[in-house]
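The structure appears below as structure tokens.
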Amino acid sequence: MTAISREEVAHLARLTRLAVTDAELDMFAGQLDVILQSVARVGEVAADDIPPMSHSVPLTNVFRPDEPRPGLTREEALSGAPDQAEDRFRVPRILDEE
């Protein structure tokens, strides 16, 4: 696999609108090259006789079954609200309108 060039890194920086220095271009080119080589190595290891998996150890779902059950009524939910208006929770405004 060929190394990623400074020009390719500069192109990526322009696409992402990142301002990078010449020193950063060299540094990022080296780092991206290492990442691309690592990804290529993983691709070489994958074989047809190895089943795909999401985790290296088996996992067991410990959650209970999802069963619907009754919730709070509107009055019960609003009973603990410090402020309410029109059958809704009323909260202080945090953003100003322009």
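Chains: A, B, ... in order of the structure tokens. Residues: from 1 per chain. Ligands: from 1, in order shown.
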
Give me the residues within 12 Å of Ala3 in chain A as a ChimeraX atom specification, counting only C-alpha atoms and dropping any in the same chain fewer than 2 places off. /A:1,5-9,26,28-37

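All residues in chain A with a DSSP state of strand (DSSP E), computed from the backbone, read Gln84, Ala85, Arg88 and Phe89 of chain A.
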
Dump as a compact mmCIF listing (two decimals), in the first residue's frame, selection limited to N, CA, C and O atoms:
```txt
# COMPACT_ATOMS: atom_id res chain seq x y z
N GLN A 84 -46.47 24.75 35.43
CA GLN A 84 -47.12 24.12 34.29
C GLN A 84 -48.04 25.13 33.61
O GLN A 84 -48.48 26.09 34.22
N ALA A 85 -48.28 24.88 32.32
CA ALA A 85 -49.17 25.73 31.54
C ALA A 85 -49.75 24.90 30.41
O ALA A 85 -49.02 24.14 29.75
N ARG A 88 -48.91 21.17 30.19
CA ARG A 88 -47.53 20.86 29.85
C ARG A 88 -46.60 21.38 30.95
O ARG A 88 -46.96 22.26 31.70
N PHE A 89 -45.39 20.79 30.99
CA PHE A 89 -44.37 21.31 31.89
C PHE A 89 -43.94 22.68 31.37
O PHE A 89 -43.73 22.87 30.19
```

To test your reading of the structure, identify every residue in range 2-77 of chain A that backbone DSSP assigns to alpha helix (DSSP H), and report it as a ChimeraX atom specification. /A:6-15,22-45,74-77

Can you tell me, as a PyMOL selection string, what residues are no more than 12 Å from Glu86 in chain A when counting only C-alpha atoms, ignoring any on the same chain fewer than 4 positions away? chain A and resi 74-75+78+90

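Here CA of Met27 in chain A stands at a distance of 16.3 Å from CA of Arg14 in chain A.
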
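Reported to one decimal place, the separation of CA of Ser54 in chain A from CA of Val42 in chain A is 14.7 Å.
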